[in-house]
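Peer 1: Following this line is my_file-v7.csv, made up of CSV, C-alpha atoms:
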chain,number,residue,atom,x,y,z
A,1,MET,CA,35.1,-31.3,25.0
A,2,ASN,CA,36.9,-32.6,21.9
A,3,LYS,CA,34.9,-35.8,22.1
A,4,ILE,CA,31.6,-33.9,22.2
A,5,ILE,CA,32.7,-31.9,19.1
A,6,GLN,CA,33.8,-35.0,17.3
A,7,ARG,CA,30.4,-36.7,18.0
A,8,LEU,CA,28.5,-33.6,16.8
A,9,LYS,CA,30.6,-33.5,13.6
A,10,ALA,CA,29.6,-37.2,13.1
A,11,VAL,CA,25.9,-36.3,12.9
A,12,GLY,CA,24.7,-37.2,9.4
A,13,PRO,CA,23.1,-40.5,8.3
A,14,ALA,CA,20.7,-40.6,11.2
A,15,ALA,CA,19.7,-37.1,10.4
A,16,LEU,CA,18.1,-38.5,7.2
A,17,VAL,CA,16.0,-40.8,9.5
A,18,ALA,CA,14.9,-37.9,11.7
A,19,ALA,CA,14.1,-35.8,8.7
A,20,ALA,CA,12.1,-38.6,7.2
A,21,PHE,CA,9.9,-39.4,10.1
A,22,ILE,CA,9.2,-35.8,11.0
A,23,GLY,CA,7.0,-35.1,8.0
A,24,PRO,CA,3.6,-33.5,7.7
A,25,GLY,CA,2.0,-36.8,8.7
A,26,THR,CA,3.9,-36.8,12.0
A,27,VAL,CA,3.1,-33.1,12.6
A,28,THR,CA,-0.6,-33.7,11.9
A,29,THR,CA,-0.8,-36.9,14.0
A,30,CYS,CA,1.0,-35.4,17.0
A,31,THR,CA,-1.2,-32.3,16.7
A,32,ILE,CA,-4.4,-34.3,16.8
A,33,ALA,CA,-3.0,-36.5,19.6
A,34,GLY,CA,-2.4,-33.5,21.8
A,35,ALA,CA,-5.6,-31.7,21.0
A,36,GLY,CA,-7.7,-34.9,21.5
A,37,PHE,CA,-6.0,-36.5,24.5
A,38,GLY,CA,-3.8,-33.8,26.1
A,39,TYR,CA,-0.6,-35.1,27.5
A,40,SER,CA,-1.9,-38.6,28.2
A,41,LEU,CA,-0.4,-40.3,25.0
A,42,LEU,CA,3.1,-39.0,25.5
A,43,TRP,CA,4.1,-42.4,26.8
A,44,ALA,CA,3.2,-44.0,23.4
A,45,LEU,CA,5.3,-41.4,21.6
A,46,VAL,CA,8.3,-42.1,23.9
A,47,PHE,CA,7.9,-45.8,23.3
A,48,SER,CA,7.9,-45.3,19.5
A,49,ILE,CA,11.0,-43.1,19.8
A,50,LEU,CA,12.8,-45.8,21.8
A,51,ALA,CA,11.6,-48.5,19.3
A,52,THR,CA,13.0,-46.4,16.4
A,53,LEU,CA,16.3,-46.1,18.2
A,54,VAL,CA,16.5,-49.9,18.7
A,55,LEU,CA,15.7,-50.8,15.0
A,56,GLN,CA,17.8,-48.0,13.5
A,57,GLU,CA,20.8,-48.8,15.6
A,58,MET,CA,20.7,-52.4,14.2
A,59,SER,CA,20.2,-51.0,10.7
A,60,ALA,CA,23.2,-48.6,11.1
A,61,ARG,CA,25.3,-51.4,12.5
A,62,LEU,CA,24.5,-53.6,9.5
A,63,GLY,CA,25.6,-50.8,7.2
A,64,LEU,CA,28.9,-50.2,9.0
A,65,ILE,CA,30.0,-53.7,10.0
A,66,GLY,CA,28.5,-55.7,7.2
A,67,GLN,CA,29.0,-52.9,4.6
A,68,VAL,CA,25.7,-53.9,3.0
A,69,GLY,CA,22.4,-52.1,2.6
A,70,LEU,CA,19.3,-53.8,4.0
A,71,GLY,CA,17.8,-54.5,0.5
A,72,GLU,CA,21.1,-56.1,-0.5
A,73,ALA,CA,21.2,-58.2,2.7
A,74,MET,CA,17.6,-59.4,2.0
A,75,ARG,CA,18.5,-60.4,-1.5
A,76,ASN,CA,21.5,-62.3,-0.3
A,77,GLU,CA,19.6,-64.0,2.5
A,78,PHE,CA,16.9,-65.6,0.4
A,79,LYS,CA,18.6,-68.4,-1.6
A,80,HIS,CA,15.4,-69.9,-3.1
A,81,ALA,CA,13.6,-68.2,-5.9
A,82,ALA,CA,10.2,-68.0,-4.1
A,83,GLY,CA,11.5,-66.2,-1.1
A,84,ARG,CA,13.5,-63.8,-3.2
A,85,ILE,CA,10.6,-63.0,-5.5
A,86,LEU,CA,8.3,-62.4,-2.4
A,87,SER,CA,10.8,-60.1,-0.8
A,88,ILE,CA,11.2,-58.1,-4.1
A,89,VAL,CA,7.4,-57.8,-4.5
A,90,ILE,CA,6.9,-56.6,-0.9
A,91,VAL,CA,9.7,-54.0,-1.1
A,92,ILE,CA,8.8,-52.7,-4.6
A,93,VAL,CA,5.1,-52.3,-3.8
A,94,ALA,CA,5.5,-51.0,-0.2
A,95,ILE,CA,8.6,-48.8,-0.7
A,96,ALA,CA,8.7,-47.7,-4.3
A,97,ILE,CA,4.9,-47.4,-5.1
A,98,GLY,CA,4.0,-46.6,-1.5
A,99,ASN,CA,6.5,-43.8,-1.2
A,100,ALA,CA,5.2,-42.3,-4.5
A,101,ALA,CA,1.8,-42.1,-2.9
A,102,TYR,CA,3.0,-40.6,0.4
A,103,GLU,CA,5.3,-38.2,-1.5
A,104,THR,CA,2.1,-36.2,-2.4
A,105,GLY,CA,1.4,-35.7,1.3
A,106,ASN,CA,5.0,-34.6,2.0
A,107,ILE,CA,4.9,-32.0,-0.8
A,108,VAL,CA,1.4,-30.8,0.0
A,109,GLY,CA,2.4,-30.4,3.7
A,110,GLY,CA,5.4,-28.3,2.8
A,111,ALA,CA,3.3,-26.2,0.4
A,112,MET,CA,0.8,-25.5,3.2
A,113,GLY,CA,3.7,-23.8,5.1
A,114,LEU,CA,4.6,-21.6,2.1
A,115,GLU,CA,0.9,-20.8,1.5
A,116,GLU,CA,0.6,-19.5,5.1
A,117,ILE,CA,3.7,-17.3,4.8
A,118,SER,CA,2.9,-16.0,1.3
A,119,GLY,CA,-0.9,-15.9,1.2
A,120,ILE,CA,-0.7,-17.4,-2.3
A,121,GLY,CA,-2.3,-20.8,-2.8
A,122,SER,CA,-2.9,-21.5,-6.5
A,123,ILE,CA,-2.6,-20.0,-10.0
A,124,LYS,CA,-5.0,-20.2,-12.8
A,125,ILE,CA,-4.0,-21.0,-16.4
A,126,GLY,CA,-7.0,-20.9,-18.7
A,127,ASN,CA,-9.8,-23.1,-17.2
A,128,PHE,CA,-7.3,-25.0,-15.0
A,129,SER,CA,-6.3,-24.1,-11.5
A,130,PHE,CA,-2.9,-25.4,-10.2
A,131,LEU,CA,-1.6,-25.4,-6.7
A,132,PHE,CA,1.5,-23.2,-6.9
A,133,TRP,CA,3.7,-24.2,-4.1
A,134,GLY,CA,3.7,-28.0,-4.5
A,135,PRO,CA,6.0,-27.9,-7.6
A,136,VAL,CA,8.2,-25.4,-5.9
A,137,ILE,CA,8.8,-27.9,-3.0
A,138,GLY,CA,9.4,-30.6,-5.5
A,139,LEU,CA,11.9,-28.5,-7.4
A,140,ILE,CA,13.8,-27.8,-4.1
A,141,ALA,CA,13.9,-31.6,-3.4
A,142,PHE,CA,15.0,-32.3,-7.0
A,143,CYS,CA,17.9,-29.8,-6.9
A,144,LEU,CA,19.3,-31.4,-3.8
A,145,LEU,CA,18.8,-35.0,-5.1
A,146,ILE,CA,20.2,-34.3,-8.6
A,147,SER,CA,23.4,-33.0,-7.0
A,148,ALA,CA,24.2,-36.7,-6.6
A,149,SER,CA,26.2,-35.8,-3.5
A,150,TYR,CA,25.3,-37.6,-0.3
A,151,ARG,CA,27.1,-35.0,1.8
A,152,VAL,CA,25.1,-32.1,0.2
A,153,ILE,CA,21.8,-33.8,1.0
A,154,GLU,CA,23.0,-34.8,4.5
A,155,LYS,CA,24.0,-31.2,5.3
A,156,GLY,CA,20.7,-29.8,3.9
A,157,LEU,CA,18.7,-32.2,6.0
A,158,ILE,CA,20.7,-31.4,9.1
A,159,VAL,CA,19.8,-27.7,8.6
A,160,LEU,CA,16.1,-28.6,8.2
A,161,VAL,CA,16.1,-30.8,11.4
A,162,ILE,CA,17.8,-27.9,13.3
A,163,LEU,CA,15.1,-25.5,12.0
A,164,MET,CA,12.3,-27.8,13.0
A,165,SER,CA,13.9,-28.3,16.4
A,166,ILE,CA,14.1,-24.6,17.0
A,167,THR,CA,10.6,-24.0,15.7
A,168,PHE,CA,8.6,-26.6,17.5
A,169,ILE,CA,10.6,-26.8,20.8
A,170,SER,CA,10.6,-23.0,21.2
A,171,THR,CA,6.8,-23.0,20.5
A,172,ALA,CA,6.3,-25.7,23.2
A,173,ILE,CA,8.2,-23.6,25.7
A,174,ILE,CA,6.3,-20.4,24.9
A,175,VAL,CA,2.9,-22.1,25.5
A,176,LYS,CA,4.0,-22.8,29.1
A,177,PRO,CA,2.9,-26.4,29.6
A,178,ASP,CA,2.1,-27.9,33.0
A,179,PRO,CA,5.2,-30.1,34.1
A,180,LEU,CA,3.0,-32.2,36.4
A,181,ASN,CA,0.6,-33.1,33.6
A,182,ILE,CA,3.5,-33.9,31.3
A,183,ALA,CA,4.9,-36.3,33.9
A,184,LYS,CA,1.5,-38.0,34.2
A,185,GLY,CA,1.4,-38.4,30.4
A,186,LEU,CA,4.6,-40.5,30.6
A,187,LEU,CA,2.6,-43.2,32.5
A,188,PRO,CA,0.9,-45.7,30.1
A,189,SER,CA,-2.8,-45.3,29.9
A,190,LEU,CA,-5.6,-46.0,27.3
A,191,PRO,CA,-8.1,-43.1,27.3
A,192,GLU,CA,-11.3,-44.0,25.6
A,193,GLY,CA,-11.1,-43.9,21.8
A,194,SER,CA,-7.3,-43.5,21.9
A,195,VAL,CA,-6.2,-46.8,20.4
A,196,LEU,CA,-6.1,-45.7,16.7
A,197,THR,CA,-4.2,-42.5,17.7
A,198,ILE,CA,-1.6,-44.6,19.6
A,199,MET,CA,-1.2,-46.7,16.5
A,200,GLY,CA,-0.8,-43.6,14.5
A,201,LEU,CA,1.9,-42.2,16.8
A,202,ILE,CA,3.9,-45.4,16.6
A,203,GLY,CA,3.3,-45.9,12.9
A,204,THR,CA,4.4,-42.4,11.9
A,205,THR,CA,7.6,-42.7,13.9
A,206,VAL,CA,8.7,-46.3,13.3
A,207,VAL,CA,9.0,-46.1,9.5
A,208,PRO,CA,10.0,-49.2,7.5
A,209,TYR,CA,11.7,-47.4,4.7
A,210,ASN,CA,14.1,-45.7,7.2
A,211,LEU,CA,15.7,-49.0,7.9
A,212,PHE,CA,16.8,-49.2,4.2
A,213,LEU,CA,17.8,-45.6,4.2
A,214,HIS,CA,19.9,-45.7,7.3
A,215,ALA,CA,22.0,-48.8,6.5
A,216,SER,CA,22.8,-47.4,3.0
A,217,ALA,CA,23.6,-44.0,4.3
A,218,VAL,CA,26.0,-45.3,6.9
A,219,LYS,CA,27.6,-47.6,4.4
A,220,GLN,CA,28.3,-44.5,2.2
A,221,ARG,CA,29.6,-42.4,5.1
A,222,TRP,CA,31.8,-44.8,7.0
A,223,LYS,CA,34.0,-47.8,6.2
A,224,ASP,CA,35.9,-48.3,9.4
A,225,PRO,CA,34.2,-50.6,12.0
A,226,GLY,CA,36.0,-48.6,14.7
A,227,LYS,CA,33.6,-45.8,14.0
A,228,LEU,CA,30.7,-47.7,15.6
A,229,SER,CA,30.6,-45.4,18.7
A,230,LEU,CA,30.2,-42.4,16.4
A,231,VAL,CA,27.5,-44.2,14.4
A,232,ARG,CA,25.6,-44.8,17.6
A,233,SER,CA,26.1,-41.2,18.8
A,234,ASP,CA,24.7,-40.0,15.4
A,235,SER,CA,21.6,-42.2,16.0
A,236,ILE,CA,21.0,-41.0,19.6
A,237,ILE,CA,21.5,-37.3,18.7
A,238,SER,CA,19.5,-37.2,15.5
A,239,ILE,CA,16.7,-39.5,16.4
A,240,GLY,CA,16.6,-38.0,19.8
A,241,ALA,CA,16.2,-34.6,18.2
A,242,GLY,CA,13.4,-35.9,16.0
A,243,GLY,CA,11.7,-37.4,19.0
A,244,LEU,CA,11.9,-34.1,20.9
A,245,ILE,CA,10.2,-32.4,18.0
A,246,SER,CA,7.3,-34.9,18.0
A,247,ILE,CA,7.0,-34.5,21.8
A,248,ALA,CA,7.1,-30.7,21.5
A,249,ILE,CA,4.2,-30.8,18.9
A,250,VAL,CA,2.0,-32.9,21.2
A,251,ILE,CA,2.8,-30.6,24.2
A,252,THR,CA,2.0,-27.5,22.1
A,253,SER,CA,-1.2,-28.9,20.8
A,254,ALA,CA,-2.3,-30.1,24.3
A,255,ALA,CA,-1.5,-26.8,26.0
A,256,ALA,CA,-3.4,-24.9,23.3
A,257,PHE,CA,-6.4,-27.0,22.5
A,258,PHE,CA,-7.1,-29.9,24.9
A,259,GLY,CA,-10.3,-29.2,26.9
A,260,THR,CA,-11.3,-26.3,24.7
A,261,SER,CA,-14.0,-26.0,22.1
A,262,GLY,CA,-11.4,-25.5,19.3
A,263,ILE,CA,-11.3,-28.2,16.7
A,264,VAL,CA,-8.0,-29.3,15.2
A,265,SER,CA,-8.5,-31.5,12.1
A,266,ASN,CA,-5.0,-31.1,10.7
A,267,ALA,CA,-1.6,-29.5,11.4
A,268,ALA,CA,-2.5,-26.3,9.4
A,269,ASP,CA,-5.2,-25.4,11.9
A,270,ILE,CA,-2.6,-25.0,14.6
A,271,ALA,CA,-1.1,-21.8,13.0
A,272,GLN,CA,-4.4,-20.0,13.2
A,273,GLN,CA,-5.6,-21.3,16.6
A,274,LEU,CA,-2.3,-20.6,18.4
A,275,THR,CA,-2.7,-16.8,17.7
A,276,PRO,CA,-4.0,-16.1,21.3
A,277,LEU,CA,-0.9,-17.7,22.7
A,278,LEU,CA,1.8,-16.6,20.2
A,279,GLY,CA,0.3,-13.6,18.6
A,280,ARG,CA,1.3,-12.7,15.1
A,281,THR,CA,4.3,-15.0,15.3
A,282,SER,CA,2.1,-18.1,15.3
A,283,GLY,CA,1.8,-18.3,11.6
A,284,ILE,CA,5.6,-17.9,11.1
A,285,PHE,CA,6.5,-20.5,13.7
A,286,LEU,CA,4.2,-23.2,12.5
A,287,SER,CA,4.6,-22.4,8.8
A,288,LEU,CA,8.4,-22.7,9.0
A,289,GLY,CA,8.1,-26.0,10.9
A,290,LEU,CA,5.6,-27.4,8.4
A,291,LEU,CA,7.7,-26.2,5.5
A,292,SER,CA,10.8,-27.9,6.9
A,293,ALA,CA,8.9,-31.1,7.6
A,294,GLY,CA,7.5,-31.2,4.1
A,295,VAL,CA,10.8,-30.5,2.3
A,296,SER,CA,12.8,-33.0,4.5
A,297,SER,CA,10.4,-35.8,3.9
A,298,ALA,CA,10.0,-34.9,0.2
A,299,ILE,CA,13.8,-35.5,-0.1
A,300,THR,CA,14.1,-38.7,2.0
A,301,ALA,CA,11.1,-40.6,0.6
A,302,PRO,CA,12.4,-40.7,-3.0
A,303,LEU,CA,15.9,-41.4,-1.8
A,304,ALA,CA,14.8,-44.3,0.4
A,305,ALA,CA,12.7,-45.8,-2.5
A,306,ALA,CA,15.8,-45.6,-4.7
A,307,TYR,CA,18.0,-47.3,-2.2
A,308,ALA,CA,15.5,-50.1,-1.4
A,309,SER,CA,14.6,-50.8,-5.0
A,310,SER,CA,18.1,-50.8,-6.3
A,311,GLU,CA,19.5,-53.0,-3.6
A,312,ILE,CA,16.7,-55.6,-3.7
A,313,LEU,CA,16.9,-55.8,-7.5
A,314,GLY,CA,20.7,-56.0,-7.5
A,315,TRP,CA,21.3,-52.7,-9.2
A,316,LYS,CA,24.1,-50.4,-8.3
A,317,ALA,CA,22.9,-48.3,-5.4
A,318,ASP,CA,24.8,-45.2,-6.4
A,319,MET,CA,23.3,-41.7,-6.6
A,320,LYS,CA,24.8,-41.2,-10.1
A,321,SER,CA,23.5,-44.5,-11.4
A,322,PRO,CA,20.8,-44.0,-14.1
A,323,LYS,CA,18.5,-46.7,-12.6
A,324,PHE,CA,18.9,-45.2,-9.1
A,325,ARG,CA,18.0,-41.8,-10.5
A,326,ALA,CA,15.0,-43.2,-12.4
A,327,VAL,CA,13.5,-44.5,-9.2
A,328,TRP,CA,13.7,-41.3,-7.2
A,329,ILE,CA,12.7,-39.1,-10.1
A,330,SER,CA,9.6,-41.3,-10.6
A,331,VAL,CA,8.6,-41.0,-7.0
A,332,LEU,CA,9.3,-37.3,-6.8
A,333,LEU,CA,7.5,-36.6,-10.1
A,334,THR,CA,4.4,-38.5,-9.0
A,335,GLY,CA,4.2,-36.4,-5.8
A,336,ILE,CA,4.7,-33.1,-7.8
A,337,ILE,CA,2.0,-33.9,-10.3
A,338,PHE,CA,-0.6,-35.0,-7.7
A,339,SER,CA,0.1,-32.1,-5.5
A,340,ALA,CA,-0.1,-29.6,-8.4
A,341,ILE,CA,-3.6,-30.8,-9.5
A,342,GLY,CA,-4.9,-31.2,-6.0
A,343,LEU,CA,-5.5,-35.0,-6.3
A,344,LYS,CA,-4.6,-37.7,-3.9
A,345,PRO,CA,-3.7,-41.2,-5.1
A,346,VAL,CA,-6.2,-42.8,-2.7
A,347,LYS,CA,-6.0,-46.4,-4.0
A,348,ALA,CA,-2.2,-46.3,-4.0
A,349,ILE,CA,-2.2,-45.0,-0.4
A,350,PHE,CA,-4.6,-47.9,0.5
A,351,VAL,CA,-2.2,-50.4,-1.1
A,352,ALA,CA,0.8,-48.8,0.6
A,353,GLN,CA,-0.9,-48.9,4.0
A,354,ILE,CA,-1.8,-52.6,3.6
A,355,THR,CA,1.7,-53.6,2.4
A,356,ASN,CA,3.4,-51.4,5.0
A,357,GLY,CA,1.4,-53.2,7.6
A,358,ILE,CA,3.0,-56.4,6.4
A,359,LEU,CA,6.4,-54.9,5.8
A,360,LEU,CA,7.2,-53.5,9.2
A,361,PRO,CA,7.1,-56.7,11.2
A,362,PHE,CA,8.6,-58.6,8.2
A,363,ILE,CA,11.6,-56.2,8.2
A,364,ALA,CA,11.9,-56.2,12.0
A,365,PHE,CA,12.0,-60.0,11.9
A,366,PHE,CA,14.6,-60.1,9.2
A,367,LEU,CA,16.6,-57.4,10.9
A,368,LEU,CA,16.7,-59.5,14.1
A,369,ARG,CA,17.7,-62.6,12.0
A,370,VAL,CA,20.5,-60.9,10.1
A,371,MET,CA,21.8,-59.1,13.2
A,372,ASN,CA,22.4,-62.5,14.8
A,373,ASN,CA,24.5,-63.6,11.8
A,374,LYS,CA,28.0,-63.9,13.3
A,375,SER,CA,29.6,-64.7,10.0
A,376,LEU,CA,28.5,-61.3,8.7
A,377,LEU,CA,28.8,-59.1,11.9
A,378,LYS,CA,31.2,-61.2,13.9
A,379,SER,CA,31.6,-59.8,17.5
A,380,ASN,CA,29.2,-57.0,16.6
A,381,SER,CA,26.2,-59.3,16.2
A,382,ASN,CA,23.2,-58.8,18.6
A,383,GLY,CA,23.6,-59.6,22.3
A,384,PRO,CA,20.8,-60.8,24.6
A,385,ILE,CA,19.6,-57.3,25.5
A,386,ALA,CA,19.4,-56.1,21.9
A,387,ASN,CA,17.5,-59.3,21.0
A,388,ILE,CA,15.0,-58.8,23.8
A,389,LEU,CA,14.4,-55.2,22.8
A,390,GLY,CA,14.1,-56.2,19.2
A,391,VAL,CA,11.5,-59.0,20.0
A,392,LEU,CA,9.5,-56.5,22.0
A,393,VAL,CA,9.5,-54.0,19.1
A,394,LEU,CA,8.6,-56.9,16.7
A,395,LEU,CA,5.6,-57.9,18.7
A,396,VAL,CA,4.3,-54.3,18.8
A,397,ALA,CA,5.0,-53.9,15.1
A,398,THR,CA,3.1,-57.1,14.4
A,399,ALA,CA,0.1,-55.9,16.4
A,400,LEU,CA,0.3,-52.5,14.6
A,401,GLY,CA,0.5,-54.2,11.2
A,402,ILE,CA,-2.5,-56.4,11.9
A,403,LYS,CA,-4.5,-53.4,13.1
A,404,SER,CA,-3.4,-51.4,10.1
A,405,ILE,CA,-4.5,-54.1,7.6
A,406,ILE,CA,-7.9,-54.6,9.4
A,407,SER,CA,-8.5,-50.8,9.4
A,408,VAL,CA,-7.7,-50.3,5.7
A,409,LEU,CA,-9.7,-53.4,4.7
A,410,GLY,CA,-12.7,-51.9,6.6
A,411,MET,CA,-12.3,-48.6,4.7
A,412,ILE,CA,-12.3,-50.2,1.2
Let me see the file written as C-alpha cells.
Peer 2:
Amino acid sequence: MNKIIQRLKAVGPAALVAAAFIGPGTVTTCTIAGAGFGYSLLWALVFSILATLVLQEMSARLGLIGQVGLGEAMRNEFKHAAGRILSIVIVIVAIAIGNAAYETGNIVGGAMGLEEISGIGSIKIGNFSFLFWGPVIGLIAFCLLISASYRVIEKGLIVLVILMSITFISTAIIVKPDPLNIAKGLLPSLPEGSVLTIMGLIGTTVVPYNLFLHASAVKQRWKDPGKLSLVRSDSIISIGAGGLISIAIVITSAAAFFGTSGIVSNAADIAQQLTPLLGRTSGIFLSLGLLSAGVSSAITAPLAAAYASSEILGWKADMKSPKFRAVWISVLLTGIIFSAIGLKPVKAIFVAQITNGILLPFIAFFLLRVMNNKSLLKSNSNGPIANILGVLVLLVATALGIKSIISVLGMI
C-alpha cells in the first residue's frame, strides 16, 4: 500500500504530457472519429497511446539519467555548424512559431466550454466585437505560468487531468456502450475513408513538443537516478489516464452518434446532441471537459515552446529567466489576441503542420540515437526491446509525417 501511495505522489512531470495532448484538438478528433466510424478506430488510438508511452519514457529517462533537456541534447549532439543551424531552425519554426499558432485553438476550445456554461459569447466595444472568454482563459494560463513555480503548474495540471478524467470517463459509462463492439474496435481495420482520421488520432496523441517538455520537467523534478521506477510509474499513470480520456471520448461519440443522422463537425456539437442521453447535465459535462482541455493545453504549449527554444539556443531554461519568459509570453499573447478577435493564423498553422510533419520522425530518430549513447546514459541506455519499439514508432511517425506534408501541400 505504501508503494502505491508513493507512486501516486510521484505523479507530476508526465501529467504535463497528458494535459498537453488532451486539448481541444484531441477532443474534436476523437469526437469525429467515434461519430464517423463508431468503435472501429479504437485500435489506432490504443496504438498511439502505446507509441506515446514508448517515446515519452525515453524522453523522461534522458531527463533523469542524462540530466539534460532534449533541446540541450540536440545542441550538444551536432558538432558541425550546418547540423546545429538546421536543428535550431526546425525547432524554432515548428515548436515556437507552431505552438503560437496552435495556442489559438487551445484558448478558443477552452472558451467554448465557458460559453456553453455562461451563455455569454462576445462583448461589443464601439464598432468592434471581441470574444470574451478567450482572454480569460489566457489570463488563467498567464497566472499559473508567471508564478515561475514548476510545482504550482504541475499541481494545477494534475487537477485539470483529474477533472477531465472524471468528466469524460463518467460520460462514457453513462451512455452505456456495447462491450462487444468495443472489443471488435480493438482489432485493426481500415474502414473506407478512415485513413486521414487514423492519422489525426495518432498525430494528436504523439506530440513532438511533449518530448521536449517531459525531459525538462523530469530534470527539474528529480536528480537521483534511483528514482527511475517512479519516473516510469508517473508516465504510465499520467499518459494512461490521458489515453483513457481519449478512448472515453471516442466511445461516447460512437454510442451517441454513429449510425444516426446527427452531424458532428466539432467537439462543441456533442454537448447539445448528447441531451437525449444525459439530459440537462450534458452541457455541464462536456463544457467542463472542454474547458479543462483548453486550459491545460493553453499552459503546456507556451511552456514547451520556452523549454525547447531556450535549450536549443543555449539559453538558461529556467522559469525565472527573462528570455524563457519572453518565449512563453509571446506564444500565449499570440493565442490571446487571435482568439479575442476571432481570427485564426491559417498560414502559420500550415507552416506548423509542414514542419511538425518533418519534426516528429526527426525527433524520434534523434531520441533513438541519443538513448543508445552509453557514455551519457550508461547502463540505462536502450536495450533491444526499447529499440525495436522505437523503430516501429519511427516508421509510423515517418509515414504520418509524409502524409501530413502531402495533405498540407495539397491544401495550399
Peer 1: Taking all atoms listed in the file into account, name the residue in A:Gly98, A:Gly342, A:Gly66, A:Gly83 that is nearest to A:Ser381.
Peer 2: A:Gly66
Peer 1: List as a VMD selection string the protein and nucleic acid residues near A:Ala293, meaning an atom at most 8 Å away when only C-alpha atoms are counted, but skip any in the same chain fewer than 3 places from it.
Peer 2: chain A and resid 19 22 to 24 27 106 109 to 110 160 164 289 to 290 296 to 297
Peer 1: Find the residues near A:Tyr307: any atom within 12 Å, counting all atoms listed in the file, skip ones fewer than 2 places away on the same chain, and give them as an MDAnalysis selection string.
Peer 2: chainID A and resid 68:72 91:92 95:96 209:217 219:220 300:305 309:319 321 323:328
Peer 1: Provide the atom CA of A:Val393 to atom CA of A:Leu367 distance in Å, to one decimal place.
Peer 2: 11.4 Å
Peer 1: Counting all atoms listed in the file, select every polymer residue within 7 Å of (22.9, -61.7, 17.1) as defined in the file's coordinates, and provide the selection as a ChimeraX atom specification.
Peer 2: /A:371-374,381-383
Peer 1: Identify which of the residues A:Ile251, A:Leu139, A:Ile299, A:Leu332 lies closest to A:Leu41, counting all atoms listed in the file when measuring atom-to-atom distances.
Peer 2: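 Using all atoms listed in the file, A:Leu41 sits closest to A:Ile251.
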Peer 1: If you count only C-alpha atoms, which residues fall within 10 Å of A:Ala172, apart from same-chain ones fewer than 6 positions away, as a ChimeraX atom specification?
Peer 2: /A:245,247-256
Peer 1: From the set A:Val370, A:Ala298, A:Ile97, A:Leu187, which residue has the shortest atom-to-atom contact distance to A:Ile137, counting only C-alpha atoms?
Peer 2: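 Comparing A:Val370, A:Ala298, A:Ile97, A:Leu187 against A:Ile137, the winner is A:Ala298.
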Peer 1: State, in Å with one decimal place, the distance from atom CA of A:Ile88 to atom CA of A:Leu62.
Peer 2: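 The value is 19.5 Å.
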Peer 1: To one decimal in Å, tell me the separation between atom CA of A:Glu154 and atom CA of A:Ala20.
Peer 2: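 About the pair atom CA of A:Glu154 and atom CA of A:Ala20: they are 11.9 Å apart.
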Peer 1: Taking 3 positions as the minimum chain separation for residues in the same chain, which residues sit within 9 Å of A:Phe258 when counting only C-alpha atoms? Answer as a PDB file with C-alpha atoms, in the frame of the given file.
Peer 2:
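Wrote it out as selection_18.pdb, contents follow:
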ATOM      1  CA  GLY A  34      -2.400 -33.500  21.800  1.00  0.00           C
ATOM      2  CA  ALA A  35      -5.600 -31.700  21.000  1.00  0.00           C
ATOM      3  CA  GLY A  36      -7.700 -34.900  21.500  1.00  0.00           C
ATOM      4  CA  PHE A  37      -6.000 -36.500  24.500  1.00  0.00           C
ATOM      5  CA  GLY A  38      -3.800 -33.800  26.100  1.00  0.00           C
ATOM      6  CA  TYR A  39      -0.600 -35.100  27.500  1.00  0.00           C
ATOM      7  CA  SER A 253      -1.200 -28.900  20.800  1.00  0.00           C
ATOM      8  CA  ALA A 254      -2.300 -30.100  24.300  1.00  0.00           C
ATOM      9  CA  ALA A 255      -1.500 -26.800  26.000  1.00  0.00           C
ATOM     10  CA  SER A 261     -14.000 -26.000  22.100  1.00  0.00           C
ATOM     11  CA  GLY A 262     -11.400 -25.500  19.300  1.00  0.00           C
TER      12      GLY A 262
END
Peer 1: Using all atoms listed in the file, determine which residues lie at most 12 Å from A:Gln56, disregarding the query and same-chain residues fewer than 3 positions distant; provide the list as a ChimeraX atom specification.
Peer 2: /A:13-18,48-53,59-63,70,205-218,231-236,238-240,363-364,367-368,371,386,390,393
Peer 1: Here is a test: counting only C-alpha atoms, which residue of A:Leu201, A:Leu163, A:Leu64, A:Val391 is nearest to A:Asp224?
Peer 2: A:Leu64
Peer 1: Of the residues A:Thr204, A:Ser170, A:Ser330, A:Ser379, which is the one nearest to A:Leu360, using all atoms listed in the file?
Peer 2: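 Smallest distance to A:Leu360 is found for A:Thr204.
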Peer 1: Just checking: using all atoms listed in the file, which residue out of A:Ala306, A:Leu286, A:Ala399, A:Ile202 ends up closest to A:Phe47?
Peer 2: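 Using all atoms listed in the file, the shortest distance to A:Phe47 belongs to A:Ile202.
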Peer 1: Please complete stretch 200-205 of chain A so it has N, CA, C and O atoms, and hand it over as a short mmCIF file (atom, residue, chain, number, x, y, z; two decimals), in the frame of the given file.
Peer 2:
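Wrote part.cif, looks like this:
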data_model
loop_
_atom_site.label_atom_id
_atom_site.label_comp_id
_atom_site.auth_asym_id
_atom_site.auth_seq_id
_atom_site.Cartn_x
_atom_site.Cartn_y
_atom_site.Cartn_z
N GLY A 200 -1.31 -44.59 15.38
CA GLY A 200 -0.80 -43.60 14.50
C GLY A 200 0.50 -42.98 14.92
O GLY A 200 1.41 -42.76 14.11
N LEU A 201 0.64 -42.73 16.24
CA LEU A 201 1.90 -42.20 16.80
C LEU A 201 3.05 -43.14 16.57
O LEU A 201 4.16 -42.73 16.20
N ILE A 202 2.80 -44.42 16.80
CA ILE A 202 3.90 -45.40 16.60
C ILE A 202 4.16 -45.58 15.12
O ILE A 202 5.33 -45.60 14.70
N GLY A 203 3.11 -45.68 14.33
CA GLY A 203 3.30 -45.90 12.90
C GLY A 203 3.97 -44.78 12.16
O GLY A 203 4.70 -45.01 11.19
N THR A 204 3.77 -43.56 12.62
CA THR A 204 4.40 -42.40 11.90
C THR A 204 5.82 -42.19 12.36
O THR A 204 6.54 -41.40 11.75
N THR A 205 6.26 -42.88 13.43
CA THR A 205 7.60 -42.70 13.90
C THR A 205 8.51 -43.91 13.54
O THR A 205 9.65 -43.72 13.11
#
